[in-house]
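**Q** Contents of target.cif (mmCIF, C-alpha atoms and all ligand atoms) are below:
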```
data_coords
#
loop_
_atom_site.label_atom_id
_atom_site.label_comp_id
_atom_site.auth_asym_id
_atom_site.auth_seq_id
_atom_site.Cartn_x
_atom_site.Cartn_y
_atom_site.Cartn_z
CA MET A 216 64.77 134.75 99.43
CA ALA A 217 65.23 131.02 99.91
CA SER A 218 62.17 129.01 98.99
CA LEU A 219 60.21 126.79 101.32
CA GLN A 220 59.27 124.71 98.26
CA GLN A 221 62.66 123.06 98.51
CA ASN A 222 62.52 122.63 102.27
CA ARG A 223 63.54 119.09 103.18
CA THR A 224 61.50 118.77 106.38
CA LEU A 225 58.33 119.95 104.61
CA GLN A 226 58.94 117.71 101.60
CA ILE A 227 59.37 114.70 103.89
CA LEU A 228 56.21 115.52 105.87
CA LYS A 229 54.03 116.35 102.84
CA ALA A 230 54.92 113.00 101.29
CA ALA A 231 54.02 111.30 104.58
CA ALA A 232 50.68 113.12 104.78
CA GLU A 233 49.85 112.06 101.22
CA GLY A 234 51.02 108.50 101.79
CA LYS A 235 49.33 108.27 105.21
CA TYR A 236 52.36 107.17 107.20
CA GLY A 237 54.37 108.73 110.01
CA VAL A 238 57.98 109.89 110.06
CA LEU A 239 60.22 109.61 113.10
CA ALA A 240 61.69 112.91 114.24
CA ALA A 241 64.41 111.47 116.42
CA ILE A 242 66.49 113.25 119.03
CA ALA A 243 70.22 112.56 119.05
CA TYR A 244 72.49 113.69 121.88
CA ASN A 245 75.76 112.53 120.33
CA ILE A 246 77.44 111.30 117.18
CA GLU A 247 76.88 107.59 117.85
CA GLN A 248 73.13 108.10 118.14
CA LEU A 249 73.08 110.31 115.07
CA THR A 250 74.98 107.69 113.07
CA ALA A 251 72.74 104.83 114.20
CA LEU A 252 69.60 106.79 113.24
CA VAL A 253 70.96 107.53 109.78
CA ARG A 254 72.01 103.91 109.31
CA ALA A 255 68.47 102.79 110.16
CA ALA A 256 66.98 105.20 107.60
CA GLU A 257 69.38 103.91 104.93
CA SER A 258 68.79 100.26 105.69
CA ARG A 259 64.99 100.60 105.84
CA ARG A 260 64.86 103.06 102.90
CA SER A 261 62.91 105.36 105.18
CA PRO A 262 62.70 109.15 105.44
CA LEU A 263 63.92 110.55 108.76
CA ILE A 264 64.06 113.86 110.59
CA LEU A 265 67.11 114.29 112.82
CA GLN A 266 66.47 116.46 115.86
CA LEU A 267 68.91 118.29 118.10
CA PHE A 268 68.07 120.28 121.20
CA PRO A 269 69.47 123.82 121.52
CA SER A 270 71.28 122.66 124.68
CA THR A 271 73.07 120.00 122.59
CA LEU A 272 74.16 122.66 120.08
CA LYS A 273 75.89 124.42 122.97
CA GLN A 274 77.30 121.28 124.58
CA LEU A 275 78.59 119.76 121.31
CA PRO A 276 79.00 122.64 118.83
CA THR A 277 80.22 120.43 115.97
CA LEU A 278 77.32 117.96 116.12
CA ALA A 279 74.99 120.12 114.00
CA HIS A 280 77.66 120.25 111.29
CA ALA A 281 77.96 116.46 111.36
CA ALA A 282 74.18 116.20 111.14
CA ALA A 283 74.06 118.61 108.19
CA GLU A 284 76.71 116.53 106.45
CA ALA A 285 74.71 113.35 107.12
CA VAL A 286 71.63 115.02 105.61
CA LYS A 287 73.60 115.96 102.49
CA SER A 288 75.27 112.61 101.95
CA ALA A 289 72.30 110.33 102.72
CA THR A 290 70.67 108.40 99.88
CA VAL A 291 67.24 108.72 101.56
CA PRO A 292 65.39 111.94 102.46
CA ILE A 293 66.70 113.21 105.80
CA SER A 294 66.40 116.67 107.30
CA LEU A 295 67.78 118.48 110.32
CA HIS A 296 65.38 120.03 112.82
CA ILE A 297 66.10 121.97 116.02
CA ASP A 298 63.60 120.98 118.70
CA HIS A 299 62.21 123.29 121.40
CA ALA A 300 64.22 126.42 120.64
CA GLN A 301 63.05 128.67 123.45
CA ASP A 302 65.53 131.53 123.31
CA GLU A 303 64.97 134.18 120.65
CA ALA A 304 68.63 135.24 120.39
CA HIS A 305 69.72 131.61 120.06
CA ILE A 306 67.09 130.99 117.36
CA ARG A 307 68.50 133.91 115.37
CA GLU A 308 72.04 132.60 115.86
CA ILE A 309 70.97 129.12 114.73
CA MET A 310 69.33 130.34 111.55
CA ALA A 311 72.29 132.57 110.73
CA THR A 312 75.06 130.08 111.37
CA LEU A 313 73.79 126.50 110.91
CA CYS A 314 72.46 124.52 107.99
CA VAL A 315 69.10 123.51 109.48
CA ASP A 316 65.88 122.69 107.63
CA SER A 317 63.40 123.49 110.36
CA ILE A 318 63.19 124.89 113.88
CA MET A 319 60.61 124.50 116.59
CA VAL A 320 60.06 128.06 117.74
CA ASP A 321 58.82 127.28 121.24
CA MET A 322 57.39 130.39 122.86
CA SER A 323 54.88 128.35 124.86
CA HIS A 324 56.31 129.68 128.14
CA TYR A 325 54.70 133.02 127.28
CA GLU A 326 51.01 133.81 127.50
CA LYS A 327 49.21 133.20 124.27
CA GLU A 328 49.20 136.68 122.72
CA GLU A 329 52.89 137.19 123.35
CA ASN A 330 53.63 133.64 122.22
CA LEU A 331 51.82 134.30 118.92
CA ALA A 332 53.46 137.69 118.40
CA LYS A 333 56.97 136.32 118.97
CA THR A 334 56.25 133.24 116.86
CA ARG A 335 55.02 135.39 113.96
CA VAL A 336 58.17 137.54 113.93
CA LEU A 337 60.53 134.57 114.17
CA ALA A 338 58.60 132.58 111.54
CA LYS A 339 59.06 135.42 109.08
CA GLU A 340 62.80 135.54 109.74
CA CYS A 341 63.11 131.78 109.36
CA HIS A 342 61.15 131.75 106.11
CA VAL A 343 63.43 134.37 104.57
CA ARG A 344 66.21 131.81 105.01
CA GLY A 345 64.12 128.88 103.75
CA VAL A 346 63.82 127.39 107.24
CA ALA A 347 60.46 125.84 108.15
CA VAL A 348 58.86 126.56 111.52
CA GLU A 349 57.10 124.39 114.04
CA ALA A 350 55.18 125.73 117.03
CA GLU A 351 53.29 124.27 119.93
CA SER A 352 49.69 125.34 120.41
CA GLY A 353 48.23 125.15 123.87
CA ARG A 354 50.88 123.91 126.24
CA ILE A 355 52.39 120.43 126.52
CA ASN A 356 53.39 119.72 130.09
CA GLY A 357 56.54 118.17 131.56
CA GLY A 358 60.21 118.17 130.61
CA GLU A 359 62.79 116.05 128.81
CA GLU A 360 66.52 115.76 129.12
CA GLY A 361 67.80 118.85 127.30
CA ILE A 362 64.73 121.11 127.51
CA ALA A 363 63.27 123.26 130.24
CA ASP A 364 60.48 121.75 132.27
CA THR A 365 57.20 123.64 132.10
CA GLY A 366 57.23 123.32 135.89
CA ASP A 367 54.00 124.39 137.48
CA LEU A 368 52.56 125.91 134.32
CA GLU A 369 49.40 123.94 133.59
CA ALA A 370 48.91 121.99 130.39
CA LEU A 371 46.46 123.64 128.02
CA PHE A 372 44.65 121.62 125.38
CA THR A 373 44.72 122.94 121.84
CA THR A 374 41.43 124.55 120.83
CA PRO A 375 40.11 125.21 117.30
CA GLU A 376 40.78 128.91 117.91
CA ASP A 377 44.44 128.13 118.81
CA VAL A 378 44.81 126.26 115.54
CA GLU A 379 43.64 129.24 113.47
CA ASP A 380 45.74 131.67 115.49
CA PHE A 381 48.92 129.66 114.94
CA ILE A 382 48.22 129.19 111.25
CA LYS A 383 47.82 132.98 111.02
CA ALA A 384 51.21 133.31 112.73
CA ASP A 385 52.53 131.64 109.55
CA ILE A 386 53.91 128.42 110.99
CA ASP A 387 54.39 125.29 108.89
CA ILE A 388 54.12 122.52 111.48
CA LEU A 389 51.70 122.49 114.42
CA ALA A 390 52.38 120.52 117.61
CA PRO A 391 49.04 120.25 119.41
CA SER A 392 48.45 119.55 123.06
CA ILE A 393 46.01 116.63 123.25
CA GLY A 394 46.91 115.14 126.63
CA ASN A 395 50.45 114.26 125.54
CA VAL A 396 53.23 115.07 128.02
CA HIS A 397 56.97 115.49 127.88
CA GLY A 398 58.68 112.87 129.97
CA ASP A 399 57.39 109.49 131.04
CA TYR A 400 53.84 108.13 131.07
CA GLY A 401 54.90 104.98 132.91
CA PRO A 402 55.63 101.50 131.62
CA GLN A 403 52.09 100.98 130.28
CA GLY A 404 52.23 104.16 128.18
CA PRO A 405 49.46 106.79 128.27
CA ALA A 406 46.48 105.84 130.46
CA PRO A 407 43.25 105.01 128.63
CA GLY A 408 41.58 108.29 127.73
CA GLN A 409 44.70 110.36 128.44
CA LEU A 410 45.32 111.11 124.77
CA HIS A 411 42.38 112.80 123.05
CA PHE A 412 42.41 111.08 119.68
CA ASP A 413 39.16 112.79 118.72
CA ARG A 414 40.79 116.17 119.37
CA LEU A 415 43.78 115.16 117.22
CA GLU A 416 41.47 114.01 114.44
CA SER A 417 39.43 117.20 114.46
CA ILE A 418 42.61 119.34 114.51
CA ASN A 419 43.85 117.43 111.50
CA LYS A 420 40.55 118.00 109.67
CA GLN A 421 40.59 121.66 110.61
CA VAL A 422 44.14 122.31 109.38
CA ASN A 423 43.27 120.53 106.13
CA ASN A 424 46.89 120.41 104.92
CA ARG A 425 47.51 124.10 105.60
CA VAL A 426 50.11 122.97 108.16
CA LEU A 427 51.50 119.55 109.09
CA VAL A 428 50.76 117.95 112.43
CA CYS A 429 53.48 116.87 114.85
CA LEU A 430 53.12 114.83 118.02
CA HIS A 431 55.41 115.47 120.98
CA GLY A 432 55.70 113.32 124.09
CA THR A 433 55.94 109.72 122.85
CA ASN A 434 57.94 108.12 125.67
CA ASP A 435 56.58 104.68 126.63
CA PHE A 436 54.23 104.56 123.62
CA PRO A 437 53.15 101.04 122.69
CA PRO A 438 52.98 100.48 118.90
CA GLU A 439 49.17 100.62 118.80
CA ILE A 440 49.11 104.12 120.36
CA MET A 441 51.67 105.28 117.81
CA THR A 442 49.69 103.94 114.87
CA ARG A 443 46.48 105.42 116.25
CA CYS A 444 48.11 108.86 116.41
CA ILE A 445 49.23 108.46 112.80
CA GLU A 446 45.74 107.35 111.71
CA ASN A 447 44.38 110.49 113.33
CA GLY A 448 46.69 112.79 111.40
CA ALA A 449 50.09 113.05 113.15
CA VAL A 450 52.82 112.82 110.52
CA LYS A 451 55.87 114.02 112.47
CA LEU A 452 56.44 111.80 115.49
CA ASN A 453 58.94 113.28 117.91
CA VAL A 454 60.80 110.45 119.59
CA ASN A 455 63.45 110.60 122.25
CA LYS A 456 63.59 107.96 124.96
CA LEU A 457 61.23 105.75 122.95
CA LEU A 458 64.24 104.92 120.76
CA LEU A 459 67.20 105.87 122.95
CA GLU A 460 66.31 103.77 125.99
CA VAL A 461 67.76 100.63 124.35
CA TRP A 462 71.04 102.47 123.88
CA ASN A 463 70.98 103.74 127.48
CA GLU A 464 70.25 100.26 128.75
CA PHE A 465 73.00 98.73 126.59
CA LEU A 466 75.52 101.16 128.08
CA ARG A 467 74.30 100.54 131.62
CA GLN A 468 74.77 96.81 131.15
CA ASN A 469 78.06 96.80 129.22
CA ALA A 470 80.09 99.96 129.80
CA ALA A 471 82.18 98.51 132.61
CA THR A 472 83.16 95.34 130.77
CA THR A 473 83.38 96.15 127.06
CA PRO A 474 86.32 97.82 125.26
CA LEU A 475 85.35 101.29 124.06
CA VAL A 476 85.38 100.77 120.32
CA ARG A 477 83.28 97.63 120.61
CA LEU A 478 80.92 99.40 123.02
CA ILE A 479 80.40 102.17 120.47
CA GLU A 480 79.78 99.76 117.61
CA GLU A 481 77.44 97.43 119.47
CA GLY A 482 75.55 100.36 121.01
CA MET A 483 74.95 101.78 117.54
CA ASP A 484 73.73 98.36 116.33
CA VAL A 485 71.20 98.14 119.16
CA LEU A 486 69.87 101.64 118.47
CA GLN A 487 69.77 101.06 114.71
CA LYS A 488 67.63 97.94 115.15
CA GLU A 489 65.22 99.71 117.51
CA THR A 490 64.91 102.63 115.09
CA GLU A 491 64.22 100.23 112.21
CA ARG A 492 61.49 98.57 114.27
CA TRP A 493 59.75 101.91 114.86
CA MET A 494 60.13 102.91 111.21
CA ASP A 495 58.23 99.72 110.36
CA ILE A 496 55.55 100.57 112.96
CA CYS A 497 55.18 104.12 111.60
CA GLY A 498 54.90 102.81 108.06
CA SER A 499 57.81 104.85 106.70
CA SER A 500 60.01 101.86 105.80
CA GLY A 501 60.35 101.53 102.03
CA LYS A 502 58.90 105.01 101.44
CA ALA A 503 62.20 106.75 100.62
ZN ZN B 1 58.51 118.33 122.61
#
```
For the structure just supplied, provide its representation as structure tokens.

**A**
Amino acid sequence: MASLQQNRTLQILKAAAEGKYGVLAAIAYNIEQLTALVRAAESRRSPLILQLFPSTLKQLPTLAHAAAEAVKSATVPISLHIDHAQDEAHIREIMATLCVDSIMVDMSHYEKEENLAKTRVLAKECHVRGVAVEAESGRINGGEEGIADTGDLEALFTTPEDVEDFIKADIDILAPSIGNVHGDYGPQGPAPGQLHFDRLESINKQVNNRVLVCLHGTNDFPPEIMTRCIENGAVKLNVNKLLLEVWNEFLRQNAATTPLVRLIEEGMDVLQKETERWMDICGSSGKA
């Protein structure tokens, strides 16, 4: 049985919890983004969690292998995480065929009892292979490019009872629902009062290092919201558009006029710099 003691994602997050900083868990949709993220981690001497969506694994089957190679060859702690894995058969295929450090087993589309039962079974199977498991308690609303929208299912805030139930389901990383949403908040970020920092803080106290706390839904976050989430116990900060928008915007502005190889290089530079900026904000720079 592979040991979770050696698990890269958990090692990265435990060090962050002890050192009171946050680690970016950054989505990549392609090899340029993946490369820019890794370059940022190297240049800032920062830990990093690379995240791929299950849909990306199907669209670009070799990307996970490139990511695993980047994890192995990096001189800073990096791990590979699969975000929002919602299909049980695909989760089993992922753990059997790919070199991943952690998987978000997202059964939040099911009612709670079924969610917990499925999560417990899958967590056990992952742990046998040394793969750490994240789960979402309550329900985080909305959708992102690459994952199913929760549609008209209502958001459910994480309760103290949820926290205990998910810990009993043997997960390693808990993603609470505290008013955070998938998708956009709007240019100002979350509205005042939208994020329940007190709920996040009490969840963090309640888990008391039994699991690590992850925050989803960080689009449009201003730096002060990010640091407040970290102060209140979030150590794994899932980021998608928060970083990638500069890359998207660079392509929108330059794709028609810039030769391809230069477009690739300059796009990676822009994303690397933005990632470095957020590593500084999260306090992970220099911690590798
Ligand atoms: Zn998410």

**Q** If you take all atoms listed in the file and a cut-off of 12 Å, which residues of region 367-483 of chain A touch region 256-279 of chain A, and what are their nearest atom pairs and distances in Å to one decimal, in chain and number order, as a tab-separated table?

**A**
```
residue	atom	partner	partner_atom	distance
A:Cys429	CA	A:Ile264	CA	11.8
A:Val450	CA	A:Ile264	CA	11.3
A:Lys451	CA	A:Ile264	CA	8.4
A:Leu452	CA	A:Ile264	CA	9.3
A:Asn453	CA	A:Gln266	CA	8.4
A:Val454	CA	A:Gln266	CA	9.1
A:Asn455	CA	A:Gln266	CA	9.2
```

**Q** If we count only C-alpha atoms and set the cut-off at 9 Å, which residues sit around region 376-379 of chain A, ignoring sequence neighbours fewer than 3 positions away in its own chain? Please answer as number ranges by chain.

**A** A: 327, 352-353, 373, 382-384, 389, 391, 418, 421-422

**Q** Tell me which protein, DNA and RNA residues are within 10 Å of region 475-479 of chain A, counting all atoms listed in the file, leaving out same-chain ones fewer than 2 positions away, and put them as a PyMOL selection string.

**A** chain A and resi 247-248+462+465-466+469-473+481-484

**Q** From the list A:Arg443, A:Lys339, A:Lys235, A:His299, which residue is nearest ligand ZN 1 (chain B) when using only C-alpha atoms and all ligand atoms?

**A**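 Selected residue with least distance to ligand ZN 1 (chain B): A:His299.
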
**Q** Within 8 Å of ligand ZN 1 (chain B) (counting all atoms listed in the file), which residues show up? I'd like them as a ChimeraX atom specification.

**A** /A:298-299,355,359,397,430-432,453

**Q** Can you write out the residues you just picked, keeping C-alpha atoms, as a short mmCIF file (atom, residue, chain, number, x, y, z; two decimals), in the coordinates of the input?

**A**
```cif
data_model
loop_
_atom_site.label_atom_id
_atom_site.label_comp_id
_atom_site.auth_asym_id
_atom_site.auth_seq_id
_atom_site.Cartn_x
_atom_site.Cartn_y
_atom_site.Cartn_z
CA ASP A 298 63.60 120.98 118.70
CA HIS A 299 62.21 123.29 121.40
CA ILE A 355 52.39 120.43 126.52
CA GLU A 359 62.79 116.05 128.81
CA HIS A 397 56.97 115.49 127.88
CA LEU A 430 53.12 114.83 118.02
CA HIS A 431 55.41 115.47 120.98
CA GLY A 432 55.70 113.32 124.09
CA ASN A 453 58.94 113.28 117.91
#
```

**Q** Got a sec: who's within 10 Å of Asp413 (chain A), counting all atoms listed in the file, leaving out chain neighbours fewer than 5 positions off, as a list of chain:residue names?

**A**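 These residues fall inside the cut-off: A:Ile393, A:Ile418, A:Asn419, A:Asn447.
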